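Here's the structure, in structure tokens; my notes come after.
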Number of protein chains: 2
Amino acid sequence: MLKEERQQTILRVVELHNRILLTDIAETLDVSIDTIRRDVKELDADNKLKKVHGGAISLGFTTNSVKNKNIYKLEQKTIIAEKAAALLKDGSVIFVDGGTTCNELARLIPNNLDLTCFTHSIPVAMELLTKSNVTVILIGGQVSKESQISIGANAIHNLSEIKVDYSFIGTGYVDSYYGLTEFDWDIVQVKKAIIKCSKKTVLLSISEKLNSQHRYKSCDINAINTMITELEPENELLNSFRNHDIRIL
Amino acid sequence: MLKEERQQTILRVVELHNRILLTDIAETLDVSIDTIRRDVKELDADNKLKKVHGGAISLGFTTNSVKNKNIYKLEQKTIIAEKAAALLKDGSVIFVDGGTTCNELARLIPNNLDLTCFTHSIPVAMELLTKSNVTVILIGGQVSKESQISIGANAIHNLSEIKVDYSFIGTGYVDSYYGLTEFDWDIVQVKKAIIKCSKKTVLLSISEKLNSQHRYKSCDINAINTMITELEPENELLNSFRNHDIRIL
DNA sequence: TTTTATTTTGCCGTTTTATGCAATTTTTAT
DNA sequence: ATAAAAATTGCATAAAACGGCAAAATAAAA
């Protein structure tokens, strides 16, 4: 095998998998580890990839796409947030809930989009402040340490005085029969208020939460207009939600 | 798993969750806690995140501005914040303004102090959330992009319904004759509301701002009960403030 | 084709890096 | 004040990187 084609192969593999181990490549291509090491060194010098201890990673890898394990459900949440962000239009007035998925949504909102965003989540607010065309309006109230959102009577009262086009909410648990449920009573009260102040409610939920329930109920499943998961809409896990009037993305 | 991709993963998790526990990461990625600790240490050294006891937090979430250019002024602000923190007593109900000095105050509040803190500043709120014995109450309203605080009619109205023992405020400019002044009209309205809802008002100001003024006035110098600067109380720069009824620290 | 020069490759010993373990100190919470 | 959790330190092991060298492969020249 020629040196040139070997290097091309290495590059292809790196691009495909984002990462490789030198030992793996050496075994696959049946050359010594030293040779591979030299190859990778050259490719690195040519800025074709990044050499690291024990292997190499693709240059684009730094930005995104950890295709490996679903560590912390990163991939799912990003997929969901992307789908949700696609719903946004110039001039929309929306509410963004707290939670990691909604955080991701806030992060993925395009910078050039004109929006008015209400939120009771501190991290979301922080994220939205970086978007130059987004007007951020904070819902005040007592702040929950765990979830980092305003809760309590004051927050609920503030919510009662607004009306938004869309609200994007998360939930602890969701089930087609039991609806949206939570572990925490206070959170439920706020969710109710959010849903009440929204013309349309969009639920962002990773598939893991589907068909699970807990003690306190935020709303019936019918209160949700659109449900977004990381799954393909045809996935059978979503079957039980189909006979409700819900758009599934 | 390559060290590099492990670190990338850690970074992504931190960015999404804002805060993580080292033990969680270690378990998820299936390496020893020592390794994770070393990774986080490196990432911190590279200014990719902030390492804290037991975990790590994202830079966007750290309000005390590691990225602050002006180290010197930061030190001044720390001195001021330390003096201010010394005033706090168990059970106090206080308001904390926005701005870097007040951020620093929030950061320096002892963890064991029982406090109820109102604030309209997102960075301050974030900082306060890390204090287990502090109840944080957020003042809602439209959020100013530059100063990251709630302003406008709603914020002012919310302030009108509370009364706190102490408010700790910053200002753009301060002068013994012209009082506290600002460049921004909206900010002034909020400052007025803050002062109105406080039994005692404590001004935190670096000496650089002394004897300067601008277009819009927040209040007379007499409205301030205590003024804290990084200077020694005897400093002659403070002379013009002495014939007012102000405690100078 | 044969010879010569150049490049490539594999091997080896040394040095560096990464990682986990255990003992100790520091920090935090109760 | 005490107990628990986390950080630090030093150390041992294993894997990986490095540099030199000689054999092998390739290219160039006679």
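As shown in the structure tokens, the chain order sets the letters A, B, ...; within each chain, residues go from 1, and ligands are also counted from 1 in the order they appear.
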Contact residues around C:DT25 with only C-alpha atoms (C1' of nucleotides) at 12 Å, ignoring same-chain residues under 6 positions, as a ChimeraX atom specification: /D:6-9
Just fit chain B onto chain A on all the Cα atoms, in order, by least squares, and give it as a CSV table (one decimal) with C-alpha atoms, in the first residue's frame.
```
chain,number,residue,atom,x,y,z
B,1,MET,CA,6.7,12.8,15.2
B,2,LEU,CA,5.0,9.5,15.9
B,3,LYS,CA,1.4,9.1,14.7
B,4,GLU,CA,0.4,8.0,18.2
B,5,GLU,CA,1.7,11.1,19.9
B,6,ARG,CA,0.3,13.3,17.2
B,7,GLN,CA,-3.1,11.9,17.9
B,8,GLN,CA,-2.7,12.3,21.7
B,9,THR,CA,-1.8,15.9,21.1
B,10,ILE,CA,-4.9,16.4,18.9
B,11,LEU,CA,-7.0,14.9,21.7
B,12,ARG,CA,-5.6,17.2,24.3
B,13,VAL,CA,-6.1,20.3,22.2
B,14,VAL,CA,-9.6,19.3,21.5
B,15,GLU,CA,-10.4,18.7,25.1
B,16,LEU,CA,-9.0,22.1,26.1
B,17,HIS,CA,-10.4,24.2,23.3
B,18,ASN,CA,-13.5,22.2,22.9
B,19,ARG,CA,-13.3,22.8,19.2
B,20,ILE,CA,-10.4,23.0,16.7
B,21,LEU,CA,-9.9,23.6,13.0
B,22,LEU,CA,-8.1,20.9,11.1
B,23,THR,CA,-6.0,23.5,9.3
B,24,ASP,CA,-4.8,24.9,12.5
B,25,ILE,CA,-3.7,21.6,13.8
B,26,ALA,CA,-2.0,20.7,10.5
B,27,GLU,CA,0.0,23.9,10.6
B,28,THR,CA,1.0,23.6,14.2
B,29,LEU,CA,2.1,20.0,14.0
B,30,ASP,CA,3.6,20.6,10.6
B,31,VAL,CA,2.0,17.7,8.7
B,32,SER,CA,-0.4,17.7,5.8
B,33,ILE,CA,-4.1,18.4,6.2
B,34,ASP,CA,-4.8,14.9,4.9
B,35,THR,CA,-2.9,13.3,7.7
B,36,ILE,CA,-4.7,15.3,10.3
B,37,ARG,CA,-8.0,14.5,8.6
B,38,ARG,CA,-7.1,10.8,8.8
B,39,ASP,CA,-6.1,11.1,12.5
B,40,VAL,CA,-9.3,12.8,13.4
B,41,LYS,CA,-11.3,10.3,11.5
B,42,GLU,CA,-9.7,7.5,13.5
B,43,LEU,CA,-10.2,9.3,16.8
B,44,ASP,CA,-13.8,9.8,15.9
B,45,ALA,CA,-14.1,6.1,15.1
B,46,ASP,CA,-12.7,5.4,18.5
B,47,ASN,CA,-15.2,7.7,20.1
B,48,LYS,CA,-12.5,10.0,21.4
B,49,LEU,CA,-13.9,13.1,19.8
B,50,LYS,CA,-16.5,14.2,17.2
B,51,LYS,CA,-15.4,15.0,13.7
B,52,VAL,CA,-17.3,17.9,12.1
B,53,HIS,CA,-16.9,19.7,8.8
B,54,GLY,CA,-13.7,21.6,9.0
B,55,GLY,CA,-12.7,20.5,12.4
B,56,ALA,CA,-13.4,18.5,15.5
B,57,ILE,CA,-15.2,19.0,18.8
B,58,SER,CA,-14.7,17.4,22.1
B,59,LEU,CA,-17.2,14.8,23.2
B,60,GLY,CA,-18.1,16.7,26.4
B,61,PHE,CA,-19.1,19.5,24.1
B,62,THR,CA,-21.3,17.4,21.9
B,63,THR,CA,-24.7,17.5,23.4
B,64,ASN,CA,-26.5,15.2,21.1
B,65,SER,CA,-25.0,12.3,23.1
B,66,VAL,CA,-23.1,10.0,20.8
B,67,LYS,CA,-22.7,8.0,23.9
B,68,ASN,CA,-26.4,7.6,24.2
B,69,LYS,CA,-27.2,4.0,25.1
B,70,ASN,CA,-30.7,3.9,23.7
B,71,ILE,CA,-30.3,4.3,20.0
B,72,TYR,CA,-33.9,3.5,19.4
B,73,LYS,CA,-35.2,6.3,21.6
B,74,LEU,CA,-32.7,8.6,20.0
B,75,GLU,CA,-34.2,8.0,16.7
B,76,GLN,CA,-37.7,8.8,18.1
B,77,LYS,CA,-36.3,12.0,19.5
B,78,THR,CA,-34.8,12.9,16.2
B,79,ILE,CA,-38.1,12.5,14.4
B,80,ILE,CA,-39.7,14.7,17.0
B,81,ALA,CA,-37.0,17.3,16.8
B,82,GLU,CA,-37.3,17.4,13.0
B,83,LYS,CA,-41.0,18.1,13.2
B,84,ALA,CA,-40.4,20.8,15.7
B,85,ALA,CA,-37.6,22.4,13.6
B,86,ALA,CA,-40.0,22.6,10.7
B,87,LEU,CA,-42.1,25.1,12.8
B,88,LEU,CA,-39.4,27.6,13.0
B,89,LYS,CA,-39.4,30.8,10.9
B,90,ASP,CA,-36.9,33.5,10.3
B,91,GLY,CA,-37.0,36.1,13.0
B,92,SER,CA,-38.8,33.9,15.6
B,93,VAL,CA,-38.0,34.4,19.2
B,94,ILE,CA,-38.1,31.1,21.0
B,95,PHE,CA,-37.3,29.3,24.2
B,96,VAL,CA,-35.7,25.9,24.2
B,97,ASP,CA,-36.0,23.7,27.2
B,98,GLY,CA,-33.4,21.1,28.4
B,99,GLY,CA,-33.5,17.4,27.9
B,100,THR,CA,-32.4,15.1,25.2
B,101,THR,CA,-35.3,15.8,22.8
B,102,CYS,CA,-34.8,19.6,23.0
B,103,ASN,CA,-31.0,19.0,22.6
B,104,GLU,CA,-31.8,17.3,19.4
B,105,LEU,CA,-34.0,20.1,18.3
B,106,ALA,CA,-31.2,22.6,18.9
B,107,ARG,CA,-28.9,20.4,16.9
B,108,LEU,CA,-31.3,20.3,14.0
B,109,ILE,CA,-32.0,24.0,13.7
B,110,PRO,CA,-30.9,25.0,10.2
B,111,ASN,CA,-27.8,27.1,10.1
B,112,ASN,CA,-29.3,29.7,7.9
B,113,LEU,CA,-32.3,30.4,10.1
B,114,ASP,CA,-32.3,33.8,11.9
B,115,LEU,CA,-33.5,33.1,15.4
B,116,THR,CA,-33.3,34.5,18.9
B,117,CYS,CA,-33.1,31.6,21.3
B,118,PHE,CA,-33.5,31.7,25.0
B,119,THR,CA,-32.5,28.7,26.9
B,120,HIS,CA,-31.6,27.6,30.5
B,121,SER,CA,-29.9,24.4,29.3
B,122,ILE,CA,-26.1,24.3,29.0
B,123,PRO,CA,-26.0,21.6,26.4
B,124,VAL,CA,-28.6,23.4,24.3
B,125,ALA,CA,-26.7,26.6,24.5
B,126,MET,CA,-23.5,24.8,23.4
B,127,GLU,CA,-25.3,23.4,20.4
B,128,LEU,CA,-26.9,26.7,19.5
B,129,LEU,CA,-23.6,28.4,19.6
B,130,THR,CA,-22.6,26.5,16.5
B,131,LYS,CA,-25.4,28.1,14.5
B,132,SER,CA,-24.1,31.3,13.0
B,133,ASN,CA,-27.4,33.1,12.6
B,134,VAL,CA,-28.8,32.2,16.0
B,135,THR,CA,-28.6,34.7,18.9
B,136,VAL,CA,-28.3,32.8,22.1
B,137,ILE,CA,-29.4,34.2,25.4
B,138,LEU,CA,-28.7,32.2,28.5
B,139,ILE,CA,-31.0,32.2,31.5
B,140,GLY,CA,-28.8,32.1,34.5
B,141,GLY,CA,-29.4,30.5,37.9
B,142,GLN,CA,-28.3,27.6,40.0
B,143,VAL,CA,-27.5,24.7,37.7
B,144,SER,CA,-29.0,21.3,38.4
B,145,LYS,CA,-26.3,18.6,38.0
B,146,GLU,CA,-28.7,16.0,36.6
B,147,SER,CA,-30.5,18.0,34.1
B,148,GLN,CA,-27.9,20.6,33.4
B,149,ILE,CA,-30.3,23.4,33.4
B,150,SER,CA,-30.6,26.6,35.5
B,151,ILE,CA,-33.3,26.3,38.1
B,152,GLY,CA,-34.3,28.2,41.2
B,153,ALA,CA,-35.6,31.7,42.0
B,154,ASN,CA,-33.1,33.5,39.9
B,155,ALA,CA,-33.8,31.5,36.8
B,156,ILE,CA,-37.6,32.0,37.4
B,157,HIS,CA,-37.1,35.7,37.9
B,158,ASN,CA,-35.2,36.0,34.7
B,159,LEU,CA,-37.9,34.2,32.8
B,160,SER,CA,-40.5,36.5,34.2
B,161,GLU,CA,-38.9,39.4,32.4
B,162,ILE,CA,-39.1,37.9,28.9
B,163,LYS,CA,-41.8,37.0,26.3
B,164,VAL,CA,-41.1,34.6,23.5
B,165,ASP,CA,-43.2,33.6,20.5
B,166,TYR,CA,-42.7,29.8,21.0
B,167,SER,CA,-41.3,27.7,23.7
B,168,PHE,CA,-40.3,24.2,23.1
B,169,ILE,CA,-40.4,22.1,26.2
B,170,GLY,CA,-40.0,18.6,27.3
B,171,THR,CA,-41.6,16.9,30.3
B,172,GLY,CA,-41.1,13.9,32.5
B,173,TYR,CA,-44.7,12.7,32.2
B,174,VAL,CA,-47.8,13.8,30.3
B,175,ASP,CA,-51.4,12.7,30.6
B,176,SER,CA,-54.5,14.3,29.0
B,177,TYR,CA,-56.2,14.4,32.5
B,178,TYR,CA,-53.4,15.1,34.9
B,179,GLY,CA,-51.5,17.4,32.5
B,180,LEU,CA,-47.7,17.7,32.5
B,181,THR,CA,-46.0,16.3,35.6
B,182,GLU,CA,-42.5,15.9,37.0
B,183,PHE,CA,-40.6,14.0,39.6
B,184,ASP,CA,-38.8,17.1,40.7
B,185,TRP,CA,-40.4,20.1,42.4
B,186,ASP,CA,-37.8,22.6,41.3
B,187,ILE,CA,-38.1,21.6,37.7
B,188,VAL,CA,-41.8,22.2,37.9
B,189,GLN,CA,-41.4,25.7,39.1
B,190,VAL,CA,-39.2,26.5,36.1
B,191,LYS,CA,-41.5,24.9,33.6
B,192,LYS,CA,-44.3,27.0,35.0
B,193,ALA,CA,-42.2,30.1,34.4
B,194,ILE,CA,-41.3,29.0,30.9
B,195,ILE,CA,-45.0,28.4,30.0
B,196,LYS,CA,-45.9,31.8,31.4
B,197,CYS,CA,-43.4,33.7,29.3
B,198,SER,CA,-44.5,32.0,26.0
B,199,LYS,CA,-47.1,33.1,23.6
B,200,LYS,CA,-47.3,29.5,22.4
B,201,THR,CA,-46.0,26.4,24.0
B,202,VAL,CA,-44.9,23.3,22.1
B,203,LEU,CA,-44.5,20.1,23.9
B,204,LEU,CA,-42.0,17.6,22.6
B,205,SER,CA,-42.6,14.1,24.0
B,206,ILE,CA,-41.8,10.6,23.0
B,207,SER,CA,-44.9,8.4,23.0
B,208,GLU,CA,-43.5,6.4,25.8
B,209,LYS,CA,-44.3,9.3,28.2
B,210,LEU,CA,-47.9,9.6,27.0
B,211,ASN,CA,-50.5,8.7,29.6
B,212,SER,CA,-48.1,8.7,32.5
B,213,GLN,CA,-48.1,11.0,35.5
B,214,HIS,CA,-46.1,11.8,38.6
B,215,ARG,CA,-46.2,13.8,41.8
B,216,TYR,CA,-45.8,17.4,40.8
B,217,LYS,CA,-47.7,19.3,38.1
B,218,SER,CA,-46.3,21.8,35.7
B,219,CYS,CA,-49.5,22.7,33.9
B,220,ASP,CA,-52.8,21.5,32.5
B,221,ILE,CA,-52.8,19.9,29.2
B,222,ASN,CA,-54.8,22.9,27.9
B,223,ALA,CA,-51.7,25.1,28.4
B,224,ILE,CA,-50.1,23.2,25.6
B,225,ASN,CA,-50.8,24.6,22.1
B,226,THR,CA,-48.9,22.0,20.1
B,227,MET,CA,-47.8,18.5,21.0
B,228,ILE,CA,-45.2,16.7,19.0
B,229,THR,CA,-44.5,13.0,19.2
B,230,GLU,CA,-42.8,10.5,16.9
B,231,LEU,CA,-46.2,8.9,16.1
B,232,GLU,CA,-48.4,9.6,13.2
B,233,PRO,CA,-51.1,12.1,14.2
B,234,GLU,CA,-53.8,9.5,13.6
B,235,ASN,CA,-52.3,7.1,16.1
B,236,GLU,CA,-54.9,5.9,18.6
B,237,LEU,CA,-52.5,6.5,21.5
B,238,LEU,CA,-53.2,10.2,20.9
B,239,ASN,CA,-57.0,9.9,21.1
B,240,SER,CA,-57.3,11.2,24.6
B,241,PHE,CA,-55.6,14.4,23.6
B,242,ARG,CA,-57.9,15.2,20.8
B,243,ASN,CA,-60.8,16.8,22.6
B,244,HIS,CA,-58.4,19.4,23.9
B,245,ASP,CA,-57.4,22.3,21.8
B,246,ILE,CA,-54.1,20.9,20.9
B,247,ARG,CA,-52.4,20.7,17.5
B,248,ILE,CA,-50.9,17.3,17.2
B,249,LEU,CA,-47.9,16.7,14.9
```
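With atom C1' of C:DG13 on one side and atom C1' of D:DA24 on the other, the separation reads 21.8 Å.
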Out of stretch 6-234 of chain A, which residues get strand (DSSP E or B) from DSSP, as a ChimeraX atom specification? /A:19-21,50-52,55-57,92-96,115-119,121,134-138,141-143,149-151,164-169,173-175,179-182,198-204,210,216-219,226-228
May I ask you to extract the residues of chain C within 9 Å of chain B, using only C-alpha atoms (C1' of nucleotides), and to give them as a compact mmCIF listing (two decimals) with N, CA and C atoms (P, O5', C5', C4', C3', O3' and C1' of nucleotides), in the first residue's frame?
```
# COMPACT_ATOMS: atom_id res chain seq x y z
P DA C 18 -0.89 13.83 28.50
O5' DA C 18 -1.47 12.46 29.03
C5' DA C 18 -1.61 11.39 28.12
C4' DA C 18 -2.24 10.20 28.82
C3' DA C 18 -3.42 10.57 29.73
O3' DA C 18 -4.45 9.64 29.50
C1' DA C 18 -1.75 9.41 30.97
P DT C 19 -5.88 9.88 30.19
O5' DT C 19 -5.84 8.94 31.46
C5' DT C 19 -5.61 7.55 31.27
C4' DT C 19 -5.33 6.90 32.59
C3' DT C 19 -6.33 7.24 33.70
O3' DT C 19 -7.15 6.10 33.89
C1' DT C 19 -4.07 7.11 34.47
P DG C 20 -8.40 6.16 34.86
O5' DG C 20 -7.81 5.42 36.14
C5' DG C 20 -7.30 4.10 35.98
C4' DG C 20 -6.52 3.71 37.22
C3' DG C 20 -7.33 3.78 38.53
O3' DG C 20 -7.14 2.56 39.22
C1' DG C 20 -5.28 4.96 38.74
P DT C 27 -8.39 25.14 52.52
O5' DT C 27 -9.86 24.60 52.24
C5' DT C 27 -10.15 24.06 50.97
C4' DT C 27 -11.53 23.43 51.00
C3' DT C 27 -12.62 24.37 51.54
O3' DT C 27 -13.60 24.51 50.53
C1' DT C 27 -12.77 22.21 52.51
```
Tell me, which residues of stretch 43-236 of chain B carry DSSP alpha helix (DSSP H), written as JSON, numbers by chain? {"B": [43, 44, 45, 71, 72, 73, 74, 75, 76, 77, 78, 79, 80, 81, 82, 83, 84, 85, 100, 101, 102, 103, 104, 105, 106, 107, 108, 122, 123, 124, 125, 126, 127, 128, 129, 152, 153, 154, 155, 156, 157, 158, 159, 160, 185, 186, 187, 188, 189, 190, 191, 192, 193, 194, 195, 196]}
Residue subset to file, keeping C-alpha atoms, as a PDB file, in the first residue's frame:
```pdb
ATOM      1  CA  LEU B  43      -9.792  23.162  30.989  1.00  0.00           C
ATOM      2  CA  ASP B  44      -9.845  25.720  33.732  1.00  0.00           C
ATOM      3  CA  ALA B  45      -6.247  26.669  33.011  1.00  0.00           C
ATOM      4  CA  ILE B  71      -7.463  43.176  36.938  1.00  0.00           C
ATOM      5  CA  TYR B  72      -6.639  46.251  38.926  1.00  0.00           C
ATOM      6  CA  LYS B  73     -10.186  47.517  39.092  1.00  0.00           C
ATOM      7  CA  LEU B  74     -11.369  44.044  39.887  1.00  0.00           C
ATOM      8  CA  GLU B  75      -9.237  44.099  42.959  1.00  0.00           C
ATOM      9  CA  GLN B  76     -10.695  47.415  44.003  1.00  0.00           C
ATOM     10  CA  LYS B  77     -14.121  45.992  43.561  1.00  0.00           C
ATOM     11  CA  THR B  78     -13.242  42.993  45.649  1.00  0.00           C
ATOM     12  CA  ILE B  79     -12.112  45.203  48.478  1.00  0.00           C
ATOM     13  CA  ILE B  80     -15.372  47.098  48.312  1.00  0.00           C
ATOM     14  CA  ALA B  81     -17.428  43.956  48.162  1.00  0.00           C
ATOM     15  CA  GLU B  82     -15.637  42.551  51.183  1.00  0.00           C
ATOM     16  CA  LYS B  83     -16.434  45.630  53.216  1.00  0.00           C
ATOM     17  CA  ALA B  84     -20.033  45.410  52.116  1.00  0.00           C
ATOM     18  CA  ALA B  85     -20.336  41.710  52.883  1.00  0.00           C
ATOM     19  CA  THR B 100     -19.513  44.303  38.542  1.00  0.00           C
ATOM     20  CA  THR B 101     -19.077  45.537  42.083  1.00  0.00           C
ATOM     21  CA  CYS B 102     -22.410  44.165  43.196  1.00  0.00           C
ATOM     22  CA  ASN B 103     -21.618  40.925  41.393  1.00  0.00           C
ATOM     23  CA  GLU B 104     -18.534  40.687  43.470  1.00  0.00           C
ATOM     24  CA  LEU B 105     -20.569  41.308  46.585  1.00  0.00           C
ATOM     25  CA  ALA B 106     -22.910  38.500  45.638  1.00  0.00           C
ATOM     26  CA  ARG B 107     -19.950  36.239  45.137  1.00  0.00           C
ATOM     27  CA  LEU B 108     -18.476  37.071  48.513  1.00  0.00           C
ATOM     28  CA  ILE B 122     -29.267  38.119  36.197  1.00  0.00           C
ATOM     29  CA  PRO B 123     -25.583  37.628  36.997  1.00  0.00           C
ATOM     30  CA  VAL B 124     -26.175  38.443  40.641  1.00  0.00           C
ATOM     31  CA  ALA B 125     -29.065  36.007  40.769  1.00  0.00           C
ATOM     32  CA  MET B 126     -26.871  33.283  39.323  1.00  0.00           C
ATOM     33  CA  GLU B 127     -24.199  33.926  41.844  1.00  0.00           C
ATOM     34  CA  LEU B 128     -26.634  33.956  44.724  1.00  0.00           C
ATOM     35  CA  LEU B 129     -28.127  30.644  43.662  1.00  0.00           C
ATOM     36  CA  GLY B 152     -38.848  49.390  32.800  1.00  0.00           C
ATOM     37  CA  ALA B 153     -42.286  49.916  34.263  1.00  0.00           C
ATOM     38  CA  ASN B 154     -42.766  46.346  35.339  1.00  0.00           C
ATOM     39  CA  ALA B 155     -39.530  46.182  37.270  1.00  0.00           C
ATOM     40  CA  ILE B 156     -40.308  49.483  38.946  1.00  0.00           C
ATOM     41  CA  HIS B 157     -43.776  48.354  39.865  1.00  0.00           C
ATOM     42  CA  ASN B 158     -42.441  45.172  41.391  1.00  0.00           C
ATOM     43  CA  LEU B 159     -39.987  47.181  43.425  1.00  0.00           C
ATOM     44  CA  SER B 160     -42.772  49.412  44.672  1.00  0.00           C
ATOM     45  CA  TRP B 185     -32.490  57.391  31.779  1.00  0.00           C
ATOM     46  CA  ASP B 186     -34.099  53.980  32.229  1.00  0.00           C
ATOM     47  CA  ILE B 187     -31.487  52.908  34.700  1.00  0.00           C
ATOM     48  CA  VAL B 188     -32.149  56.038  36.739  1.00  0.00           C
ATOM     49  CA  GLN B 189     -35.830  55.207  37.053  1.00  0.00           C
ATOM     50  CA  VAL B 190     -34.981  51.808  38.437  1.00  0.00           C
ATOM     51  CA  LYS B 191     -32.404  53.183  40.869  1.00  0.00           C
ATOM     52  CA  LYS B 192     -34.996  55.572  42.210  1.00  0.00           C
ATOM     53  CA  ALA B 193     -37.368  52.702  42.789  1.00  0.00           C
ATOM     54  CA  ILE B 194     -34.656  50.703  44.533  1.00  0.00           C
ATOM     55  CA  ILE B 195     -33.786  53.532  46.882  1.00  0.00           C
ATOM     56  CA  LYS B 196     -37.436  54.082  47.630  1.00  0.00           C
TER      57      LYS B 196
END
```
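Pairwise distance (atom C1' of C:DT15, atom C1' of D:DA12) equals 16.5 Å.
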Please identify all polymer residues within 12 Å of stretch 21-23 of chain D, counting only C-alpha atoms (C1' of nucleotides), omitting same-chain residues fewer than 2 positions from it, and present them as a PyMOL selection string. (chain C and resi 8-13) or (chain D and resi 19+25)
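Comparing D:DC11, D:DC18, D:DA5, D:DA29 by their smallest distance to C:DA23, the closest is D:DC11 (using only C-alpha atoms (C1' of nucleotides)).
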